[in-house]
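To start, the structure itself, in structure tokens.
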Amino acid sequence: MPDTAINLKFADADEYRFWLPMSRVEEVERLCGNKSILEMHDEMGQALGMMPGSDEVRFIGGGAARIRDVYEVIRCAAIGGGECRRGEKVEKVSPLDAKALVDNYVDGRPLAETIPVAWAILNAAIRGVSLKKKVEQPEAETGDLSPSEKA
């Protein structure tokens, strides 16, 4: 059974839980000019590829992603996920924490660092994450298809 939350190493924590429930999807779409998350996913995916011999998604250039889209996807998903892990300690992530997170680690940072994170969040929201794979490899799971496998 798929899940739409994803755990990713990001910023100042060992791992953040990112999740876009329906209310957060609607917020992202509204804040990004009423653009569908499907369109954002495609635009970000155009700039990504797989590292040879790895399942790691990397920025390769191009695409039509906008910084506002990346910023809002990560912010809203951090609020939706609501937690991060630092070592053995699990901490709550409030809306204020999520805003500080993107202000410090998205705003002013290279898109090459943040587009793969936003795309992985959208990919989980759209395609889901296999619960079996999520248990086996929580830090690397980004869904069933890579950007290079898109048609």
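Labeling convention for the structure tokens: chains A, B, ... as they appear, residues from 1 per chain, ligands from 1 in order of appearance.
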
Pick out each residue of chain A that DSSP on the backbone tags as strand (DSSP E or B); I need them as number ranges by chain.
-> A: 2-3, 6-10, 13-18, 48-50, 57-59, 83-86, 89-92, 129-130

Store the residues of this selection in a file with C-alpha atoms, as an mmCIF file, in the first residue's frame.
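Writing the result to part.cif gives the following:
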```cif
data_model
loop_
_atom_site.group_PDB
_atom_site.id
_atom_site.type_symbol
_atom_site.label_atom_id
_atom_site.label_comp_id
_atom_site.auth_asym_id
_atom_site.auth_seq_id
_atom_site.Cartn_x
_atom_site.Cartn_y
_atom_site.Cartn_z
ATOM 1 C CA PRO A 2 1.480 3.390 -0.907
ATOM 2 C CA ASP A 3 1.928 6.302 1.435
ATOM 3 C CA ILE A 6 8.469 10.938 2.548
ATOM 4 C CA ASN A 7 11.474 11.201 4.857
ATOM 5 C CA LEU A 8 14.463 13.078 3.439
ATOM 6 C CA LYS A 9 17.800 14.292 4.717
ATOM 7 C CA PHE A 10 17.548 18.051 4.441
ATOM 8 C CA ALA A 13 18.414 17.700 10.612
ATOM 9 C CA ASP A 14 19.212 14.058 9.940
ATOM 10 C CA GLU A 15 15.780 13.700 8.377
ATOM 11 C CA TYR A 16 12.596 15.678 7.837
ATOM 12 C CA ARG A 17 9.196 14.122 7.301
ATOM 13 C CA PHE A 18 7.506 15.838 4.351
ATOM 14 C CA LEU A 48 16.641 16.380 -13.020
ATOM 15 C CA GLY A 49 18.376 13.137 -13.903
ATOM 16 C CA MET A 50 19.653 10.030 -12.184
ATOM 17 C CA VAL A 57 18.243 12.323 -8.314
ATOM 18 C CA ARG A 58 20.449 15.271 -9.288
ATOM 19 C CA PHE A 59 19.994 18.645 -10.915
ATOM 20 C CA GLU A 83 8.492 16.438 12.449
ATOM 21 C CA CYS A 84 12.221 16.034 12.024
ATOM 22 C CA ARG A 85 14.808 13.719 13.500
ATOM 23 C CA ARG A 86 18.146 14.778 14.948
ATOM 24 C CA LYS A 89 15.481 12.773 19.033
ATOM 25 C CA VAL A 90 12.246 13.449 17.109
ATOM 26 C CA GLU A 91 11.160 17.087 17.187
ATOM 27 C CA LYS A 92 7.908 18.737 16.142
ATOM 28 C CA VAL A 129 5.931 5.710 -1.682
ATOM 29 C CA SER A 130 5.956 1.958 -1.222
#
```

Spatial neighbours of range 31-44 of chain A, 12 Å, only C-alpha atoms, chain gap at least 5 places, as an NGL selection string | :A and (20 or 22 or 24-26 or 49 or 57-73 or 75-76 or 111-112 or 114-127 or 146-148 or 150-151)

Pick from A:Ala98, A:Glu113, A:Ala77, A:Asp107, whichever lies nearest to Ser23 in chain A using only C-alpha atoms =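 Between A:Ala98, A:Glu113, A:Ala77, A:Asp107, the residue approaching Ser23 in chain A most closely is A:Ala77.
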
Give the helix (DSSP H, G or I) residues of range 47-126 of chain A, as assigned by DSSP on the backbone, as a ChimeraX atom specification.
-> /A:67-81,95-105,111-126

Can you work out the spacing between CA of Val93 in chain A and CA of Trp19 in chain A in Å, to one decimal?
->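 About the pair CA of Val93 in chain A and CA of Trp19 in chain A: they are 12.0 Å apart.
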
At what distance in Å, to one decimal, does CA of Gly87 in chain A lie from CA of Ile74 in chain A?
-> 21.6 Å

Counting only C-alpha atoms, the residue of A:Ala47, A:Ile79, A:Val28, A:Ala5 that sits nearest Leu101 in chain A =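 Of all the options, A:Ile79 lies closest to Leu101 in chain A.
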